Amino acid sequence: LHPARLALREIRLPLKEAFRISSGVVTERRILLLELHDADGIGVWAECVAGEQPNYSAETIDTAWHAITAWVAPRVLGNPIAGPGAVHDVLARDFRGHPMAKAAVEMGCWALAAERAGVPLARLLGGTRTHIATGISLGIQATPDALVERALAARAAGYRKIKLKIQPGADVEYVRAVRAAVGPDVALMADANSGYTIDDADHLVQLDAFGLTMIEQPLGREDLVQHAELQRRLATPLCLDESITDADRARDMLTLGSGRIVNIKPGRVGGFTSSLAIHDVCQAADVPVWCGGMLESGIGRAYNVALASLPNFSMPGDLSPSARYWARDVVTPEWTMSADGMVAVPLDRPGIGVQVDVDRIDDLTVRREVFGE
Ligand code: OSB
Ligand code: MG
């Protein structure tokens, strides 16, 4: 693998509906896209999932832009690399943090390798599924009724799992209302994005009444010990998102009993090599994983779909179709979901499997910078 040239772009893409989690709200995405070319001129598109504000994690689109230009690109461009699996180590040496910045380039290298080999990215990663069950993540609403309305629409659309964002003051009554409306058979879960502390344990135990598939990341963004304490008091499985930053943290989760399910977002963990390691650690322990989302454009979504085709991604991923987020996506075909809530893994062409609409991206671009030859 010989990555030679990298172009960064920022595009602005308004969401159809504002998305609120316990730590912040997004109405328009500022999305960092990458074009990565190798020395033979073969090119791929990739996406960095960092948001505008440092509320989910410390990274933002602006820190990622800086990290890629100052530290990632110089390590990856212009040097032959044994293969995409070696990029993670190149970026780990004497270079701490910035997982989303690293992941964007590392995942682009995997796509480049897939293009070169003439195989779909999903298959290069070791994926076996042809279709992936899809869930939806519903943002915090002003009232329980507003959330019920969206949950009923999600059930009608065929989603296999409905995730409700919660925060103190918008939790038990919201979940109760949705469970009553959708009935006992819908897979429901809640995601708190670190909105609570262990002092809220008695309050959170009330959620056991609603038959949730899991509760995602209720406590501290870096915590494993207090989640273990909470898990001992809850019947509902905990799922960790923010706290699992690499395979070692997944092993620690298993050792401590901090959770029973892992949400893998390749951007959060530094890319595909790390995602595969977490997948394998969990699989060996019979712990299911699923693929989370970061309100990606259709480009980032292609990478998530490829990853979610691996065998231990046995729970529905946050892989909503393009039309759920955008008036128009930046890929063709746009991402869609069947009436029974499945997204098809594109296996009919090499690489990420969707065509990138460069004219549309040109129209949306607000800054661009090029590195390498
Ligand atoms: O915690 O999963 C999360 C979006 C932004 C930040 C954090 C999260 C999310 C989502 C979005 O839940 C899921 C999606 O892309 O549809
Ligand atoms: Mg989450």
# chains A, B, ... in the order shown; residues from 1 in each chain; ligands from 1
call {"tool": "residues_around", "arguments": {"residues": "range 191-204 of chain A", "least_positions_apart": "6", "cutoff": "6 Å", "atoms": "only C-alpha atoms", "output": "count of residues only"}}
result
11
call {"tool": "closest_atom_pairs", "arguments": {"of": "range 157-191 of chain A", "to": "range 334-341 of chain A", "cutoff": "9 Å", "atoms": "only C-alpha atoms", "output": "tab-separated table"}}
result
residue	atom	partner	partner_atom	distance
A:Ala157	CA	A:Ala339	CA	6.4
A:Gly158	CA	A:Gly341	CA	4.7
A:Tyr159	CA	A:Gly341	CA	4.6
A:Arg160	CA	A:Gly341	CA	5.7
A:Lys161	CA	A:Gly341	CA	8.9
call {"tool": "write_last_selection", "arguments": {"atoms": "N, CA and C atoms", "output": "mmCIF file, in the first residue's frame"}}
result
data_model
loop_
_atom_site.group_PDB
_atom_site.id
_atom_site.type_symbol
_atom_site.label_atom_id
_atom_site.label_comp_id
_atom_site.auth_asym_id
_atom_site.auth_seq_id
_atom_site.Cartn_x
_atom_site.Cartn_y
_atom_site.Cartn_z
ATOM 1 N N ALA A 157 -41.899 1.889 10.016
ATOM 2 C CA ALA A 157 -40.891 1.845 8.945
ATOM 3 C C ALA A 157 -40.141 0.514 8.920
ATOM 4 N N GLY A 158 -40.276 -0.275 9.987
ATOM 5 C CA GLY A 158 -39.668 -1.598 9.990
ATOM 6 C C GLY A 158 -38.375 -1.729 10.785
ATOM 7 N N TYR A 159 -37.961 -0.676 11.441
ATOM 8 C CA TYR A 159 -36.715 -0.745 12.215
ATOM 9 C C TYR A 159 -36.734 -1.915 13.191
ATOM 10 N N ARG A 160 -35.575 -2.582 13.309
ATOM 11 C CA ARG A 160 -35.446 -3.764 14.162
ATOM 12 C C ARG A 160 -35.107 -3.426 15.612
ATOM 13 N N LYS A 161 -34.777 -2.172 15.861
ATOM 14 C CA LYS A 161 -34.413 -1.745 17.224
ATOM 15 C C LYS A 161 -34.657 -0.249 17.291
#
call {"tool": "residues_near_ligand", "arguments": {"ligand": "ligand 1", "cutoff": "7 Å", "atoms": "only C-alpha atoms and all ligand atoms", "output": "list in words"}}
result
Tyr56, Ile136, Ser137, Asp191, Asn193, Asp241, Gly292, Gly293, Met294, Leu295, Glu296, Asp318, Leu319 and Ser320 of chain A
call {"tool": "write_last_selection", "arguments": {"atoms": "C-alpha atoms", "output": "PDB file, in the first residue's frame"}}
result
ATOM      1  CA  TYR A  56     -19.364  13.321  22.710  1.00  0.00           C
ATOM      2  CA  ILE A 136     -32.835   3.953  14.704  1.00  0.00           C
ATOM      3  CA  SER A 137     -31.523   6.372  17.313  1.00  0.00           C
ATOM      4  CA  ASP A 191     -28.664   5.764  25.487  1.00  0.00           C
ATOM      5  CA  ASN A 193     -24.276   9.493  26.648  1.00  0.00           C
ATOM      6  CA  ASP A 241     -19.980   3.196  23.836  1.00  0.00           C
ATOM      7  CA  GLY A 292     -23.142   2.660  16.247  1.00  0.00           C
ATOM      8  CA  GLY A 293     -23.517   5.785  14.131  1.00  0.00           C
ATOM      9  CA  MET A 294     -22.274   9.359  14.339  1.00  0.00           C
ATOM     10  CA  LEU A 295     -24.748  10.995  11.935  1.00  0.00           C
ATOM     11  CA  GLU A 296     -22.395  10.174   9.066  1.00  0.00           C
ATOM     12  CA  ASP A 318     -27.563   2.477  13.984  1.00  0.00           C
ATOM     13  CA  LEU A 319     -27.517   2.420  10.176  1.00  0.00           C
ATOM     14  CA  SER A 320     -30.581   4.456   9.244  1.00  0.00           C
TER      15      SER A 320
END
call {"tool": "select_by_dssp", "arguments": {"residues": "range 225-331 of chain A", "states": "strand (DSSP E)", "output": "ChimeraX atom specification"}}
result
/A:238-240,261-264,289-291,317-318,331
call {"tool": "closest_residue", "arguments": {"among": "A:Val343, A:Ala284, A:Ala306, A:Val366", "to": "Ser322 in chain A", "atoms": "only C-alpha atoms"}}
result
A:Val343
call {"tool": "closest_residue", "arguments": {"among": "A:Asp248, A:Glu173, A:Asp94, A:Glu242", "to": "ligand 2", "atoms": "only C-alpha atoms and all ligand atoms"}}
result
A:Glu242
call {"tool": "select_by_dssp", "arguments": {"residues": "range 241-342 of chain A", "states": "alpha helix (DSSP H)", "output": "PyMOL selection string"}}
result
chain A and resi 247-256+272-284+298-308+322-325
call {"tool": "residues_around", "arguments": {"residues": "Asp89 in chain A", "least_positions_apart": "4", "cutoff": "12 Å", "atoms": "only C-alpha atoms", "output": "list in words"}}
result
Val72, Arg75, Val76, Ile81, Ala82, Gly83, Pro84, Gly85, Arg93, Asp94, Phe95, Arg96, Lys102, Ala103, Glu106, Gly270, Gly271, Phe272, Thr273 and Ser274 of chain A
call {"tool": "write_last_selection", "arguments": {"atoms": "C-alpha atoms", "output": "PDB file, in the first residue's frame"}}
result
ATOM      1  CA  VAL A  72      -1.402  11.717  10.474  1.00  0.00           C
ATOM      2  CA  ARG A  75       3.245   9.454   8.858  1.00  0.00           C
ATOM      3  CA  VAL A  76       1.126   7.815   6.163  1.00  0.00           C
ATOM      4  CA  ILE A  81       3.098   0.435   4.166  1.00  0.00           C
ATOM      5  CA  ALA A  82       2.880  -3.367   4.395  1.00  0.00           C
ATOM      6  CA  GLY A  83      -0.933  -3.250   4.193  1.00  0.00           C
ATOM      7  CA  PRO A  84      -3.990  -1.597   5.706  1.00  0.00           C
ATOM      8  CA  GLY A  85      -3.589  -3.661   8.880  1.00  0.00           C
ATOM      9  CA  ARG A  93       3.861   5.118  17.679  1.00  0.00           C
ATOM     10  CA  ASP A  94       4.593   8.223  19.767  1.00  0.00           C
ATOM     11  CA  PHE A  95       1.242   9.742  18.791  1.00  0.00           C
ATOM     12  CA  ARG A  96      -1.419   9.712  21.498  1.00  0.00           C
ATOM     13  CA  LYS A 102      -6.464   8.524  12.784  1.00  0.00           C
ATOM     14  CA  ALA A 103      -9.496   6.380  11.934  1.00  0.00           C
ATOM     15  CA  GLU A 106      -6.720   4.299   8.493  1.00  0.00           C
ATOM     16  CA  GLY A 270      -9.102   4.630  15.894  1.00  0.00           C
ATOM     17  CA  GLY A 271     -10.238   2.658  12.862  1.00  0.00           C
ATOM     18  CA  PHE A 272     -10.868  -0.823  11.527  1.00  0.00           C
ATOM     19  CA  THR A 273      -7.871  -2.689  12.964  1.00  0.00           C
ATOM     20  CA  SER A 274      -8.936  -1.681  16.457  1.00  0.00           C
TER      21      SER A 274
END
call {"tool": "closest_residue", "arguments": {"among": "A:Val119, A:Leu33, A:Val26, A:Leu207", "to": "Gly51 in chain A", "atoms": "only C-alpha atoms"}}
result
A:Val26
call {"tool": "decode", "arguments": {"residues": "range 120-167 of chain A", "atoms": "N, CA and C atoms", "output": "PDB file, in the first residue's frame"}}
result
ATOM      1  N   PRO A 120     -15.011  -6.088  -2.455  1.00  0.00           N
ATOM      2  CA  PRO A 120     -15.781  -5.186  -1.590  1.00  0.00           C
ATOM      3  C   PRO A 120     -15.084  -5.032  -0.236  1.00  0.00           C
ATOM      4  N   LEU A 121     -15.121  -3.818   0.300  1.00  0.00           N
ATOM      5  CA  LEU A 121     -14.514  -3.538   1.602  1.00  0.00           C
ATOM      6  C   LEU A 121     -15.014  -4.517   2.665  1.00  0.00           C
ATOM      7  N   ALA A 122     -16.316  -4.809   2.630  1.00  0.00           N
ATOM      8  CA  ALA A 122     -16.892  -5.707   3.641  1.00  0.00           C
ATOM      9  C   ALA A 122     -16.177  -7.062   3.637  1.00  0.00           C
ATOM     10  N   ARG A 123     -15.815  -7.531   2.448  1.00  0.00           N
ATOM     11  CA  ARG A 123     -15.179  -8.838   2.373  1.00  0.00           C
ATOM     12  C   ARG A 123     -13.710  -8.783   2.764  1.00  0.00           C
ATOM     13  N   LEU A 124     -13.035  -7.678   2.436  1.00  0.00           N
ATOM     14  CA  LEU A 124     -11.642  -7.519   2.868  1.00  0.00           C
ATOM     15  C   LEU A 124     -11.546  -7.540   4.393  1.00  0.00           C
ATOM     16  N   LEU A 125     -12.564  -6.994   5.057  1.00  0.00           N
ATOM     17  CA  LEU A 125     -12.561  -6.947   6.525  1.00  0.00           C
ATOM     18  C   LEU A 125     -12.896  -8.295   7.156  1.00  0.00           C
ATOM     19  N   GLY A 126     -13.425  -9.215   6.339  1.00  0.00           N
ATOM     20  CA  GLY A 126     -13.818 -10.512   6.880  1.00  0.00           C
ATOM     21  C   GLY A 126     -15.305 -10.624   7.147  1.00  0.00           C
ATOM     22  N   GLY A 127     -16.071  -9.705   6.574  1.00  0.00           N
ATOM     23  CA  GLY A 127     -17.521  -9.728   6.772  1.00  0.00           C
ATOM     24  C   GLY A 127     -18.158 -10.898   6.047  1.00  0.00           C
ATOM     25  N   THR A 128     -19.228 -11.414   6.630  1.00  0.00           N
ATOM     26  CA  THR A 128     -19.913 -12.569   6.055  1.00  0.00           C
ATOM     27  C   THR A 128     -21.381 -12.291   5.745  1.00  0.00           C
ATOM     28  N   ARG A 129     -21.964 -11.264   6.388  1.00  0.00           N
ATOM     29  CA  ARG A 129     -23.378 -11.004   6.177  1.00  0.00           C
ATOM     30  C   ARG A 129     -23.618 -10.316   4.830  1.00  0.00           C
ATOM     31  N   THR A 130     -24.802 -10.563   4.237  1.00  0.00           N
ATOM     32  CA  THR A 130     -25.209  -9.839   3.036  1.00  0.00           C
ATOM     33  C   THR A 130     -26.218  -8.740   3.375  1.00  0.00           C
ATOM     34  N   HIS A 131     -26.893  -8.869   4.516  1.00  0.00           N
ATOM     35  CA  HIS A 131     -27.879  -7.888   4.959  1.00  0.00           C
ATOM     36  C   HIS A 131     -27.705  -7.667   6.456  1.00  0.00           C
ATOM     37  N   ILE A 132     -27.918  -6.432   6.892  1.00  0.00           N
ATOM     38  CA  ILE A 132     -27.696  -6.103   8.303  1.00  0.00           C
ATOM     39  C   ILE A 132     -28.960  -5.491   8.889  1.00  0.00           C
ATOM     40  N   ALA A 133     -29.370  -6.005  10.031  1.00  0.00           N
ATOM     41  CA  ALA A 133     -30.544  -5.467  10.722  1.00  0.00           C
ATOM     42  C   ALA A 133     -30.240  -4.047  11.196  1.00  0.00           C
ATOM     43  N   THR A 134     -31.235  -3.180  11.012  1.00  0.00           N
ATOM     44  CA  THR A 134     -31.033  -1.751  11.242  1.00  0.00           C
ATOM     45  C   THR A 134     -31.912  -1.224  12.371  1.00  0.00           C
ATOM     46  N   GLY A 135     -31.285  -0.407  13.203  1.00  0.00           N
ATOM     47  CA  GLY A 135     -32.007   0.278  14.276  1.00  0.00           C
ATOM     48  C   GLY A 135     -32.003   1.774  14.030  1.00  0.00           C
ATOM     49  N   ILE A 136     -32.811   2.494  14.806  1.00  0.00           N
ATOM     50  CA  ILE A 136     -32.835   3.953  14.704  1.00  0.00           C
ATOM     51  C   ILE A 136     -32.533   4.536  16.076  1.00  0.00           C
ATOM     52  N   SER A 137     -31.834   5.654  16.083  1.00  0.00           N
ATOM     53  CA  SER A 137     -31.523   6.372  17.313  1.00  0.00           C
ATOM     54  C   SER A 137     -32.351   7.649  17.323  1.00  0.00           C
ATOM     55  N   LEU A 138     -33.281   7.754  18.278  1.00  0.00           N
ATOM     56  CA  LEU A 138     -34.178   8.918  18.344  1.00  0.00           C
ATOM     57  C   LEU A 138     -33.655   9.917  19.369  1.00  0.00           C
ATOM     58  N   GLY A 139     -33.487  11.148  18.947  1.00  0.00           N
ATOM     59  CA  GLY A 139     -32.989  12.202  19.826  1.00  0.00           C
ATOM     60  C   GLY A 139     -33.988  12.561  20.912  1.00  0.00           C
ATOM     61  N   ILE A 140     -33.495  13.264  21.933  1.00  0.00           N
ATOM     62  CA  ILE A 140     -34.340  13.712  23.048  1.00  0.00           C
ATOM     63  C   ILE A 140     -35.360  14.717  22.516  1.00  0.00           C
ATOM     64  N   GLN A 141     -36.617  14.514  22.916  1.00  0.00           N
ATOM     65  CA  GLN A 141     -37.714  15.366  22.452  1.00  0.00           C
ATOM     66  C   GLN A 141     -38.234  16.225  23.609  1.00  0.00           C
ATOM     67  N   ALA A 142     -39.027  17.241  23.259  1.00  0.00           N
ATOM     68  CA  ALA A 142     -39.550  18.171  24.272  1.00  0.00           C
ATOM     69  C   ALA A 142     -40.569  17.500  25.190  1.00  0.00           C
ATOM     70  N   THR A 143     -41.280  16.499  24.687  1.00  0.00           N
ATOM     71  CA  THR A 143     -42.308  15.828  25.490  1.00  0.00           C
ATOM     72  C   THR A 143     -42.302  14.328  25.187  1.00  0.00           C
ATOM     73  N   PRO A 144     -42.803  13.505  26.130  1.00  0.00           N
ATOM     74  CA  PRO A 144     -42.948  12.076  25.841  1.00  0.00           C
ATOM     75  C   PRO A 144     -43.816  11.826  24.601  1.00  0.00           C
ATOM     76  N   ASP A 145     -44.863  12.611  24.409  1.00  0.00           N
ATOM     77  CA  ASP A 145     -45.734  12.403  23.239  1.00  0.00           C
ATOM     78  C   ASP A 145     -44.978  12.567  21.931  1.00  0.00           C
ATOM     79  N   ALA A 146     -44.092  13.550  21.888  1.00  0.00           N
ATOM     80  CA  ALA A 146     -43.310  13.768  20.660  1.00  0.00           C
ATOM     81  C   ALA A 146     -42.398  12.570  20.388  1.00  0.00           C
ATOM     82  N   LEU A 147     -41.878  11.962  21.458  1.00  0.00           N
ATOM     83  CA  LEU A 147     -41.023  10.782  21.286  1.00  0.00           C
ATOM     84  C   LEU A 147     -41.854   9.575  20.861  1.00  0.00           C
ATOM     85  N   VAL A 148     -43.041   9.434  21.458  1.00  0.00           N
ATOM     86  CA  VAL A 148     -43.939   8.329  21.090  1.00  0.00           C
ATOM     87  C   VAL A 148     -44.265   8.385  19.603  1.00  0.00           C
ATOM     88  N   GLU A 149     -44.559   9.589  19.115  1.00  0.00           N
ATOM     89  CA  GLU A 149     -44.891   9.756  17.699  1.00  0.00           C
ATOM     90  C   GLU A 149     -43.751   9.246  16.799  1.00  0.00           C
ATOM     91  N   ARG A 150     -42.507   9.601  17.163  1.00  0.00           N
ATOM     92  CA  ARG A 150     -41.358   9.170  16.360  1.00  0.00           C
ATOM     93  C   ARG A 150     -41.099   7.666  16.493  1.00  0.00           C
ATOM     94  N   ALA A 151     -41.346   7.137  17.680  1.00  0.00           N
ATOM     95  CA  ALA A 151     -41.135   5.702  17.878  1.00  0.00           C
ATOM     96  C   ALA A 151     -42.165   4.891  17.083  1.00  0.00           C
ATOM     97  N   LEU A 152     -43.402   5.373  17.042  1.00  0.00           N
ATOM     98  CA  LEU A 152     -44.422   4.663  16.262  1.00  0.00           C
ATOM     99  C   LEU A 152     -44.088   4.707  14.773  1.00  0.00           C
ATOM    100  N   ALA A 153     -43.587   5.852  14.317  1.00  0.00           N
ATOM    101  CA  ALA A 153     -43.189   5.944  12.908  1.00  0.00           C
ATOM    102  C   ALA A 153     -42.023   4.994  12.626  1.00  0.00           C
ATOM    103  N   ALA A 154     -41.099   4.870  13.572  1.00  0.00           N
ATOM    104  CA  ALA A 154     -39.947   3.973  13.384  1.00  0.00           C
ATOM    105  C   ALA A 154     -40.408   2.518  13.328  1.00  0.00           C
ATOM    106  N   ARG A 155     -41.343   2.168  14.190  1.00  0.00           N
ATOM    107  CA  ARG A 155     -41.872   0.801  14.167  1.00  0.00           C
ATOM    108  C   ARG A 155     -42.542   0.525  12.825  1.00  0.00           C
ATOM    109  N   ALA A 156     -43.339   1.500  12.343  1.00  0.00           N
ATOM    110  CA  ALA A 156     -44.034   1.325  11.065  1.00  0.00           C
ATOM    111  C   ALA A 156     -43.039   1.206   9.910  1.00  0.00           C
ATOM    112  N   ALA A 157     -41.899   1.889  10.016  1.00  0.00           N
ATOM    113  CA  ALA A 157     -40.891   1.845   8.945  1.00  0.00           C
ATOM    114  C   ALA A 157     -40.141   0.514   8.920  1.00  0.00           C
ATOM    115  N   GLY A 158     -40.276  -0.275   9.987  1.00  0.00           N
ATOM    116  CA  GLY A 158     -39.668  -1.598   9.990  1.00  0.00           C
ATOM    117  C   GLY A 158     -38.375  -1.729  10.785  1.00  0.00           C
ATOM    118  N   TYR A 159     -37.961  -0.676  11.441  1.00  0.00           N
ATOM    119  CA  TYR A 159     -36.715  -0.745  12.215  1.00  0.00           C
ATOM    120  C   TYR A 159     -36.734  -1.915  13.191  1.00  0.00           C
ATOM    121  N   ARG A 160     -35.575  -2.582  13.309  1.00  0.00           N
ATOM    122  CA  ARG A 160     -35.446  -3.764  14.162  1.00  0.00           C
ATOM    123  C   ARG A 160     -35.107  -3.426  15.612  1.00  0.00           C
ATOM    124  N   LYS A 161     -34.777  -2.172  15.861  1.00  0.00           N
ATOM    125  CA  LYS A 161     -34.413  -1.745  17.224  1.00  0.00           C
ATOM    126  C   LYS A 161     -34.657  -0.249  17.291  1.00  0.00           C
ATOM    127  N   ILE A 162     -35.208   0.217  18.393  1.00  0.00           N
ATOM    128  CA  ILE A 162     -35.442   1.648  18.567  1.00  0.00           C
ATOM    129  C   ILE A 162     -34.691   2.105  19.806  1.00  0.00           C
ATOM    130  N   LYS A 163     -33.771   3.043  19.589  1.00  0.00           N
ATOM    131  CA  LYS A 163     -32.958   3.571  20.694  1.00  0.00           C
ATOM    132  C   LYS A 163     -33.465   4.959  21.051  1.00  0.00           C
ATOM    133  N   LEU A 164     -33.693   5.175  22.333  1.00  0.00           N
ATOM    134  CA  LEU A 164     -34.195   6.454  22.828  1.00  0.00           C
ATOM    135  C   LEU A 164     -33.061   7.154  23.561  1.00  0.00           C
ATOM    136  N   LYS A 165     -32.727   8.349  23.145  1.00  0.00           N
ATOM    137  CA  LYS A 165     -31.755   9.133  23.892  1.00  0.00           C
ATOM    138  C   LYS A 165     -32.430   9.621  25.165  1.00  0.00           C
ATOM    139  N   ILE A 166     -31.743   9.491  26.285  1.00  0.00           N
ATOM    140  CA  ILE A 166     -32.307   9.942  27.565  1.00  0.00           C
ATOM    141  C   ILE A 166     -31.332  10.865  28.282  1.00  0.00           C
ATOM    142  N   GLN A 167     -31.854  11.622  29.236  1.00  0.00           N
ATOM    143  CA  GLN A 167     -31.033  12.452  30.119  1.00  0.00           C
ATOM    144  C   GLN A 167     -31.848  12.664  31.392  1.00  0.00           C
TER     145      GLN A 167
END
